[in-house]
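Participant: Pasting entry.txt below, which is compact mmCIF, C-alpha atoms.
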# COMPACT_ATOMS: atom_id res chain seq x y z
CA MET H 946 -130.29 -91.41 49.28
CA ALA H 947 -127.16 -92.50 47.53
CA SER H 948 -127.29 -95.74 45.59
CA PHE H 949 -125.80 -98.88 47.14
CA ARG H 950 -122.53 -100.00 45.65
CA ASN H 951 -122.37 -103.20 47.69
CA PRO H 952 -124.91 -105.83 46.56
CA SER H 953 -124.78 -107.67 49.91
CA LEU H 954 -125.87 -104.53 51.73
CA ARG H 955 -128.40 -103.64 49.06
CA ASN H 956 -130.21 -106.96 49.44
CA ILE H 957 -131.38 -106.25 52.97
CA ILE H 958 -133.62 -103.47 51.71
CA SER H 959 -135.36 -105.89 49.36
CA GLY H 960 -136.16 -108.28 52.18
CA ALA H 961 -133.04 -110.39 52.77
CA ALA H 962 -133.21 -110.00 56.55
CA PRO H 963 -136.27 -111.97 57.68
CA TYR H 964 -136.23 -110.79 61.29
CA LEU H 965 -136.78 -107.18 60.13
CA ARG H 966 -140.05 -108.04 58.42
CA THR H 967 -143.37 -107.62 60.15
CA THR H 968 -144.71 -110.94 58.79
CA GLN H 969 -144.45 -113.89 61.15
CA ARG H 970 -144.87 -117.60 60.62
CA ARG H 971 -147.06 -119.30 63.15
CA TRP H 972 -147.07 -123.07 63.24
CA ALA H 973 -149.24 -123.51 66.33
CA GLN H 974 -152.95 -124.18 65.78
CA VAL H 975 -155.42 -121.65 67.18
CA HIS H 976 -158.35 -123.04 69.15
CA ASP H 977 -161.36 -121.45 70.83
CA VAL H 978 -160.51 -121.81 74.53
CA ARG H 979 -164.18 -121.72 75.52
CA PHE H 980 -164.87 -124.70 73.25
CA LEU H 981 -162.00 -126.70 74.76
CA ALA H 982 -163.15 -125.94 78.30
CA THR H 983 -166.72 -127.00 77.49
CA GLN H 984 -165.48 -130.20 75.82
CA GLN H 985 -163.42 -131.11 78.87
CA SER H 986 -166.32 -130.44 81.24
CA ASP H 987 -168.67 -132.62 79.16
CA ARG H 988 -166.15 -135.50 79.14
CA VAL H 989 -165.89 -135.40 82.95
CA LEU H 990 -169.68 -135.34 83.30
CA ASP H 991 -170.12 -138.34 80.98
CA LYS H 992 -167.44 -140.30 82.83
CA TYR H 993 -169.14 -139.95 86.25
CA LYS H 994 -172.76 -139.73 85.07
CA GLU H 995 -173.88 -143.01 86.68
CA LYS H 996 -172.25 -142.23 90.02
CA LEU H 997 -173.73 -138.73 90.06
CA ALA H 998 -177.20 -140.10 89.27
CA GLN H 999 -176.82 -142.61 92.12
CA LYS H 1000 -175.74 -139.80 94.48
CA ALA H 1001 -178.81 -137.74 93.46
CA ARG H 1002 -181.16 -140.67 94.27
CA GLN H 1003 -179.49 -141.15 97.66
CA GLU H 1004 -180.05 -137.47 98.42
CA GLY H 1005 -183.70 -137.74 97.38
CA LEU H 1006 -183.22 -135.54 94.36
CA GLN H 1007 -184.71 -135.94 90.90
CA ASP H 1008 -181.63 -135.72 88.65
CA ILE H 1009 -178.01 -134.57 88.27
CA ASN H 1010 -179.00 -130.95 87.50
CA GLU H 1011 -180.80 -130.70 90.83
CA LEU H 1012 -177.75 -132.25 92.53
CA LYS H 1013 -175.50 -129.62 90.96
CA GLU H 1014 -177.80 -126.86 92.18
CA VAL H 1015 -177.73 -128.16 95.75
CA TYR H 1016 -173.92 -128.39 95.79
CA LYS H 1017 -173.34 -125.18 93.80
CA ASP H 1018 -171.77 -123.23 96.68
CA LYS H 1019 -169.47 -126.09 97.61
CA ILE H 1020 -168.37 -126.53 93.98
CA GLN H 1021 -167.49 -122.83 93.69
CA HIS H 1022 -165.55 -122.97 96.96
CA LEU H 1023 -163.49 -125.95 95.75
CA LYS H 1024 -162.80 -124.24 92.42
CA LYS H 1025 -161.44 -121.16 94.18
CA LYS H 1026 -159.36 -123.31 96.49
CA ALA H 1027 -157.81 -125.16 93.53
CA THR H 1028 -156.89 -121.97 91.72
CA ILE H 1029 -153.11 -121.34 91.60
CA PRO H 1030 -152.31 -117.69 92.32
CA ILE H 1031 -149.94 -116.01 89.87
CA PRO H 1032 -147.10 -114.23 91.72
CA THR H 1033 -146.67 -110.56 90.94
CA VAL H 1034 -143.77 -108.21 91.52
CA ASP H 1035 -144.42 -105.03 93.45
CA ALA H 1036 -143.12 -102.61 90.87
CA PRO H 1037 -144.48 -99.40 89.39
CA PRO H 1038 -146.46 -99.91 86.19
CA THR H 1039 -144.51 -99.59 82.98
CA PRO H 1040 -145.44 -96.35 81.20
CA PRO H 1041 -146.95 -96.78 77.74
CA PRO H 1042 -144.48 -96.36 74.87
CA SER H 1043 -144.36 -92.95 73.31
CA PRO H 1044 -145.63 -92.56 69.74
CA ALA H 1045 -142.07 -91.87 68.57
CA SER H 1046 -140.73 -95.22 69.76
CA SER H 1047 -143.75 -97.50 69.33
CA SER H 1048 -143.20 -97.98 65.60
CA SER H 1049 -139.49 -98.80 65.86
CA PRO H 1050 -138.54 -102.21 64.36
CA PHE H 1051 -136.01 -102.76 67.15
CA PRO H 1052 -136.70 -104.02 70.68
CA PRO H 1053 -135.96 -101.67 73.58
CA PRO H 1054 -132.27 -101.94 74.53
CA PRO H 1055 -131.20 -103.28 77.94
CA PRO H 1056 -130.78 -100.85 80.84
CA ALA H 1057 -127.69 -98.64 80.66
CA PRO H 1058 -124.66 -100.32 82.23
CA GLN H 1059 -123.38 -99.12 85.58
CA VAL H 1060 -120.01 -97.38 85.40
CA PRO H 1061 -117.95 -98.21 88.51
CA THR H 1062 -117.04 -95.18 90.62
CA GLN H 1063 -114.38 -96.99 92.62
CA LYS H 1064 -111.87 -99.74 92.07
CA ALA H 1065 -113.33 -103.22 91.86
CA PRO H 1066 -111.34 -105.94 93.68
CA SER H 1067 -108.89 -107.57 91.31
CA SER H 1068 -109.72 -110.95 92.83
CA ASN H 1069 -113.28 -110.84 91.49
CA PRO H 1070 -113.69 -114.26 89.84
CA GLY H 1071 -116.13 -112.90 87.25
CA ILE H 1072 -113.64 -110.44 85.77
CA LYS H 1073 -110.63 -111.58 83.76
CA THR H 1074 -108.03 -108.84 84.16
CA LEU H 1075 -104.86 -108.17 82.18
CA SER H 1076 -102.77 -110.09 84.72
CA SER H 1077 -104.56 -113.25 83.55
CA TYR H 1078 -102.70 -112.93 80.22
CA ILE H 1079 -99.35 -111.26 80.89
CA ASP H 1080 -97.00 -110.23 83.69
CA ILE H 1081 -97.98 -106.57 83.95
CA GLU H 1082 -94.90 -105.34 85.82
CA LYS H 1083 -92.44 -106.95 83.41
CA THR H 1084 -94.44 -105.76 80.40
CA ARG H 1085 -94.57 -102.22 81.76
CA ALA H 1086 -90.80 -101.88 81.25
CA LEU H 1087 -90.92 -102.86 77.57
CA PRO H 1088 -91.00 -100.47 74.59
CA GLU H 1089 -94.35 -100.13 72.85
CA LYS H 1090 -93.36 -102.21 69.80
CA GLU H 1091 -92.21 -105.12 71.96
CA LEU H 1092 -95.32 -104.86 74.10
CA GLU H 1093 -97.51 -105.07 70.98
CA ALA H 1094 -95.55 -108.06 69.65
CA ILE H 1095 -95.89 -109.94 72.95
CA TRP H 1096 -99.62 -109.19 73.10
CA ARG H 1097 -100.22 -110.53 69.58
CA LEU H 1098 -98.07 -113.62 70.21
CA ARG H 1099 -100.03 -114.27 73.38
CA HIS H 1100 -103.18 -114.82 71.29
CA ALA H 1101 -101.64 -116.30 68.14
CA HIS H 1102 -102.39 -119.89 69.18
CA ASP H 1103 -106.15 -119.31 69.53
CA ALA H 1104 -107.91 -119.24 66.14
CA GLN H 1105 -111.10 -117.81 67.70
CA SER H 1106 -109.42 -114.90 69.46
CA LEU H 1107 -109.09 -111.22 68.57
CA CYS H 1108 -106.43 -108.82 69.79
CA ALA H 1109 -105.30 -105.26 69.17
CA VAL H 1110 -103.32 -102.42 70.71
CA ILE H 1111 -105.24 -99.13 70.78
CA PRO H 1112 -103.62 -95.73 71.42
CA PHE H 1113 -105.01 -94.36 74.66
CA PRO H 1114 -106.27 -91.03 73.16
CA VAL H 1115 -108.23 -93.03 70.55
CA TYR H 1116 -109.69 -95.27 73.24
CA LYS H 1117 -110.76 -92.30 75.39
CA THR H 1118 -112.96 -91.06 72.53
CA LEU H 1119 -114.50 -94.53 72.16
CA GLU H 1120 -115.24 -94.77 75.88
CA ALA H 1121 -116.68 -91.26 76.15
CA THR H 1122 -119.09 -92.00 73.32
CA ALA H 1123 -119.93 -95.43 74.76
CA LYS H 1124 -120.98 -93.92 78.09
CA LYS H 1125 -123.48 -91.74 76.23
CA PHE H 1126 -124.67 -94.46 73.85
CA PRO H 1127 -124.00 -97.89 75.41
CA HIS H 1128 -126.23 -99.73 72.91
CA PHE H 1129 -126.32 -99.70 69.13
CA VAL H 1130 -126.90 -101.94 66.12
CA LEU H 1131 -124.47 -102.73 63.31
CA PRO H 1132 -124.99 -104.49 59.96
CA LEU H 1133 -122.92 -107.50 58.98
CA PRO H 1134 -122.80 -108.29 55.21
CA LYS H 1135 -123.52 -111.95 54.40
CA GLU H 1136 -122.54 -113.23 50.97
CA GLY H 1137 -125.71 -114.08 49.08
CA HIS H 1138 -127.95 -113.29 52.06
CA GLY H 1139 -127.92 -109.50 52.28
CA ALA H 1140 -126.90 -108.36 55.76
CA GLU H 1141 -127.62 -109.32 59.35
CA ILE H 1142 -128.18 -106.80 62.13
CA HIS H 1143 -126.26 -107.23 65.38
CA LEU H 1144 -126.77 -105.56 68.73
CA LEU H 1145 -123.73 -104.28 70.63
CA GLN H 1146 -123.70 -103.53 74.36
CA TRP H 1147 -120.96 -101.76 76.30
CA THR H 1148 -120.44 -102.81 79.92
CA PHE H 1149 -118.11 -101.42 82.59
CA PRO H 1150 -117.58 -104.24 85.11
CA ALA H 1151 -114.44 -102.74 86.72
CA GLU H 1152 -112.28 -99.63 86.63
CA ASN H 1153 -109.66 -101.14 84.31
CA THR H 1154 -111.96 -103.45 82.35
CA VAL H 1155 -114.47 -102.38 79.69
CA THR H 1156 -116.33 -104.99 77.66
CA VAL H 1157 -118.43 -104.98 74.50
CA LEU H 1158 -120.91 -107.80 73.76
CA PHE H 1159 -122.11 -108.54 70.24
CA THR H 1160 -125.37 -110.48 69.84
CA HIS H 1161 -127.57 -111.37 66.86
CA LEU H 1162 -130.47 -108.91 66.95
CA ALA H 1163 -132.81 -111.77 66.01
CA GLU H 1164 -131.73 -113.71 69.11
CA TYR H 1165 -132.03 -110.66 71.34
CA LYS H 1166 -135.56 -110.02 70.07
CA LEU H 1167 -136.41 -113.64 70.88
CA ARG H 1168 -134.66 -114.10 74.24
CA GLY H 1169 -134.05 -110.60 75.55
CA GLU H 1170 -131.60 -110.45 78.44
CA PHE H 1171 -131.15 -114.23 78.24
CA SER H 1172 -129.63 -114.06 74.75
CA GLN H 1173 -126.03 -115.23 74.38
CA PRO H 1174 -123.39 -113.03 72.70
CA HIS H 1175 -121.41 -114.55 69.84
CA THR H 1176 -118.44 -112.21 70.34
CA THR H 1177 -117.02 -110.52 73.42
CA ILE H 1178 -114.20 -107.98 73.34
CA THR H 1179 -112.50 -106.59 76.45
CA HIS H 1180 -110.42 -103.44 76.77
CA HIS H 1181 -107.68 -103.64 79.43
CA LEU H 1182 -106.65 -100.26 80.83
CA GLU H 1183 -103.94 -101.29 83.30
CA LEU H 1184 -101.16 -99.86 81.11
CA ALA H 1185 -103.10 -96.89 79.74
CA GLU H 1186 -101.61 -94.13 81.88
CA ASP H 1187 -97.90 -94.98 81.74
CA LYS H 1188 -97.70 -96.72 78.32
CA GLN H 1189 -100.50 -94.75 76.61
CA VAL H 1190 -102.00 -97.90 75.09
CA VAL H 1191 -105.09 -100.01 75.74
CA LEU H 1192 -104.88 -103.74 75.08
CA LEU H 1193 -107.91 -105.30 73.40
CA GLN H 1194 -108.68 -108.99 73.70
CA GLY H 1195 -111.71 -110.73 72.17
CA GLN H 1196 -113.26 -114.13 71.78
CA VAL H 1197 -115.57 -115.38 69.04
CA VAL H 1198 -117.77 -118.29 70.09
CA GLU H 1199 -117.57 -121.08 67.55
CA GLY H 1200 -120.86 -122.28 66.10
CA ARG H 1201 -122.80 -119.06 66.76
CA GLY H 1202 -123.03 -118.07 63.10
CA VAL H 1203 -120.23 -115.49 63.04
CA SER H 1204 -116.67 -116.08 61.82
CA VAL H 1205 -113.56 -114.40 63.20
CA ASP H 1206 -113.28 -112.20 60.08
CA GLU H 1207 -116.92 -111.16 60.46
CA ALA H 1208 -116.32 -110.32 64.11
CA LYS H 1209 -113.36 -108.15 63.04
CA TRP H 1210 -115.70 -106.31 60.67
CA LEU H 1211 -118.10 -105.58 63.56
CA VAL H 1212 -115.26 -104.29 65.74
CA MET H 1213 -114.09 -102.05 62.89
CA CYS H 1214 -117.62 -100.69 62.46
CA LEU H 1215 -117.81 -100.03 66.18
CA GLN H 1216 -114.62 -97.96 66.03
CA LYS H 1217 -115.91 -95.97 63.04
CA PHE H 1218 -119.20 -95.10 64.75
CA TYR H 1219 -117.83 -94.49 68.25
CA GLY H 1220 -114.43 -93.02 67.32
CA VAL H 1221 -113.26 -89.60 66.21
CA SER H 1222 -114.49 -90.19 62.65
CA GLY H 1223 -118.04 -90.51 64.00
CA GLU H 1224 -118.11 -87.09 65.67
CA LYS H 1225 -120.34 -84.41 64.15
CA SER H 1226 -121.40 -86.70 61.32
CA GLU H 1227 -124.27 -88.85 60.12
CA ARG H 1228 -122.90 -91.71 62.24
CA ARG H 1229 -123.25 -89.66 65.42
CA ARG H 1230 -126.79 -88.70 64.43
CA LEU H 1231 -127.68 -92.38 64.03
CA LEU H 1232 -126.19 -93.17 67.46
CA GLU H 1233 -128.28 -90.42 69.03
CA MET H 1234 -131.47 -91.48 67.27
CA PHE H 1235 -131.07 -95.11 68.27
CA GLY H 1236 -130.22 -94.16 71.85
CA LYS H 1237 -133.40 -92.09 72.11
CA GLY H 1238 -135.55 -94.77 70.50
CA ASP H 1239 -136.46 -92.36 67.71
CA ALA H 1240 -138.80 -94.01 65.20
CA ALA H 1241 -137.14 -91.96 62.47
CA PHE H 1242 -134.06 -94.20 62.77
CA LYS H 1243 -133.83 -96.07 59.45
CA VAL H 1244 -131.96 -99.26 58.64
CA GLU H 1245 -131.31 -97.87 55.16
CA ASP H 1246 -129.35 -94.96 56.64
CA LEU H 1247 -127.36 -97.35 58.82
CA LEU H 1248 -126.47 -99.49 55.81
CA GLU H 1249 -125.47 -96.48 53.79
CA GLU H 1250 -123.04 -95.35 56.49
CA ALA H 1251 -121.68 -98.88 56.93
CA GLU H 1252 -121.10 -99.07 53.18
CA LYS H 1253 -118.76 -96.08 53.42
CA ILE H 1254 -116.53 -98.05 55.79
CA ILE H 1255 -115.82 -100.72 53.15
As a first step, turn the structure in this file into C-alpha cells.
Facilitator:
Amino acid sequence: MASFRNPSLRNIISGAAPYLRTTQRRWAQVHDVRFLATQQSDRVLDKYKEKLAQKARQEGLQDINELKEVYKDKIQHLKKKATIPIPTVDAPPTPPPSPASSSSPFPPPPPAPQVPTQKAPSSNPGIKTLSSYIDIEKTRALPEKELEAIWRLRHAHDAQSLCAVIPFPVYKTLEATAKKFPHFVLPLPKEGHGAEIHLLQWTFPAENTVTVLFTHLAEYKLRGEFSQPHTTITHHLELAEDKQVVLLQGQVVEGRGVSVDEAKWLVMCLQKFYGVSGEKSERRRLLEMFGKGDAAFKVEDLLEEAEKII
C-alpha cells in the first residue's frame, strides 16, 4: 500500500479514531445477580420474621420453614401473577450473520431507501421543495449564469448553509450510483486527531427531491436509526429537464462537531466516490464491498483513496 502523505489521515491507522478500536471502557460495576437476589430475599425475611413466626403458631405449625412449605403453591401462583410479560413482535427470526460480514468493524447499514415510483404531493409538509426557496416559473426563464447567481445569493445570509449548481448529466451519474449503493462511509481529517469516519445515507422522499444525510459513525453505532445527522444536503430536480441543472441546498447543524468547511469536504468526497471519476476504479470497488458487507473492506484502503482527493 502506498505511504500516507497526509499526517492527519495517517494517524487513524495508529489508533487516533477510538470508535474503531475493539477495546471498550466500562464504568458500570458488575455484580452477581444471584447474590443480589438472595440478599434481597434475606432482607425481606428478616423484616417480617416475627410476623411470620406468629402466623406459623396460629396455624399450629412449628416454624417459618414449615409455614413456607404449606403455602408453597400459593407463593408460586402469586409470583407468576406478578411477573410482567415482555411484549414480542411477530416477525421472522433474524438470520445469523454470514462469516464474511461478522468481522466487519462497521454496524449494518439501515434498510435501503424506497425510491418513489410516482409523484409525491407537493403539499407534503415533510418535504421542502424548490418552491420553498425560489419562484420556479420566474427562475425557469433566466439564463444559467443568472440562475446560479440567484441560487447562491439566496443562501448567502446563512453561515451554516451549503449550496451548489450541478450539471444534470453529472447528477444522473451520482443518482444512478446512489440507487445501487445508498450507504457508505467517508473519512473526515481532523487536525491533530487523525480522521473521523462518517456514515452517509441517500434517501428519495419524492420524485424531484433527493437527500443525503451525514452522521458520525460513532453516533450511529450507539443510537442506530435514532441517531441525528449533522449535515443534510438536498438535490432539487424541478429544473433538471429544461435547464439541465440540479440545485443543491444543504444545512450543517451547529454544535454537532462538524464545521461548514468540513461538511464541504464530505460532499466533495461523496461526488468523487459516486461520480464519473469513481467508475471502474478502486473507489467503486470500495463502494461495492461496503454495500455487500464484505469483511475484506479496509479502512486503510478508504483513507488511501480519500487522500488522493486532497
Participant: So which one's closest to Leu1158 of chain H, H:Val1221, H:Leu1231, H:Ile1254, H:Leu1145? Using all atoms listed in the file, please.
Facilitator: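 Result for the nearest residue to Leu1158 of chain H: H:Leu1145.
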Participant: Sorted by chain and rising residue number, list the residues of segment 1077-1106 of chain H at most 9 Å from segment 1199-1215 of chain H (counting all atoms listed in the file), each with its closest atom pair and distance in Å to one decimal, as a Markdown table.
Facilitator:
| residue | atom | partner | partner_atom | distance |
| --- | --- | --- | --- | --- |
| H:Ala1104 | CA | H:Val1205 | CA | 8.0 |
| H:Gln1105 | CA | H:Val1205 | CA | 6.2 |
| H:Ser1106 | CA | H:Val1205 | CA | 7.5 |
Participant: Smallest atom-to-atom distance to Gly1195 of chain H: which of H:Asp1239, H:Glu1082, H:Glu1164, H:Asp1103, using only C-alpha atoms?
Facilitator: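 Selected residue with least distance to Gly1195 of chain H: H:Asp1103.
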Participant: Which residues, written as an MDAnalysis selection string, have at least one atom at most 12 Å from Leu1184 of chain H, with only C-alpha atoms counted and residues fewer than 2 positions away on the same chain left out?
Facilitator: chainID H and resid 1074:1076 1079:1087 1089 1092:1093 1110:1113 1153:1154 1180:1182 1186:1193
Participant: Between atom CA of Thr1176 of chain H and atom CA of Gln1194 of chain H, measure the distance and give it in Å to one decimal.
Facilitator: 10.8 Å
Participant: At most 12 Å from (-114.7, -94.0, 72.9), file frame, only C-alpha atoms: which residues, as an mmCIF file with C-alpha atoms, in the frame of the given file?
Facilitator:
data_model
loop_
_atom_site.group_PDB
_atom_site.id
_atom_site.type_symbol
_atom_site.label_atom_id
_atom_site.label_comp_id
_atom_site.auth_asym_id
_atom_site.auth_seq_id
_atom_site.Cartn_x
_atom_site.Cartn_y
_atom_site.Cartn_z
ATOM 1 C CA ILE H 1111 -105.240 -99.130 70.780
ATOM 2 C CA PRO H 1112 -103.620 -95.730 71.420
ATOM 3 C CA PHE H 1113 -105.010 -94.360 74.660
ATOM 4 C CA PRO H 1114 -106.270 -91.030 73.160
ATOM 5 C CA VAL H 1115 -108.230 -93.030 70.550
ATOM 6 C CA TYR H 1116 -109.690 -95.270 73.240
ATOM 7 C CA LYS H 1117 -110.760 -92.300 75.390
ATOM 8 C CA THR H 1118 -112.960 -91.060 72.530
ATOM 9 C CA LEU H 1119 -114.500 -94.530 72.160
ATOM 10 C CA GLU H 1120 -115.240 -94.770 75.880
ATOM 11 C CA ALA H 1121 -116.680 -91.260 76.150
ATOM 12 C CA THR H 1122 -119.090 -92.000 73.320
ATOM 13 C CA ALA H 1123 -119.930 -95.430 74.760
ATOM 14 C CA LYS H 1124 -120.980 -93.920 78.090
ATOM 15 C CA LYS H 1125 -123.480 -91.740 76.230
ATOM 16 C CA PHE H 1126 -124.670 -94.460 73.850
ATOM 17 C CA PRO H 1127 -124.000 -97.890 75.410
ATOM 18 C CA TRP H 1147 -120.960 -101.760 76.300
ATOM 19 C CA VAL H 1155 -114.470 -102.380 79.690
ATOM 20 C CA VAL H 1157 -118.430 -104.980 74.500
ATOM 21 C CA HIS H 1180 -110.420 -103.440 76.770
ATOM 22 C CA VAL H 1191 -105.090 -100.010 75.740
ATOM 23 C CA LEU H 1215 -117.810 -100.030 66.180
ATOM 24 C CA GLN H 1216 -114.620 -97.960 66.030
ATOM 25 C CA LYS H 1217 -115.910 -95.970 63.040
ATOM 26 C CA PHE H 1218 -119.200 -95.100 64.750
ATOM 27 C CA TYR H 1219 -117.830 -94.490 68.250
ATOM 28 C CA GLY H 1220 -114.430 -93.020 67.320
ATOM 29 C CA VAL H 1221 -113.260 -89.600 66.210
ATOM 30 C CA SER H 1222 -114.490 -90.190 62.650
ATOM 31 C CA GLY H 1223 -118.040 -90.510 64.000
ATOM 32 C CA GLU H 1224 -118.110 -87.090 65.670
#
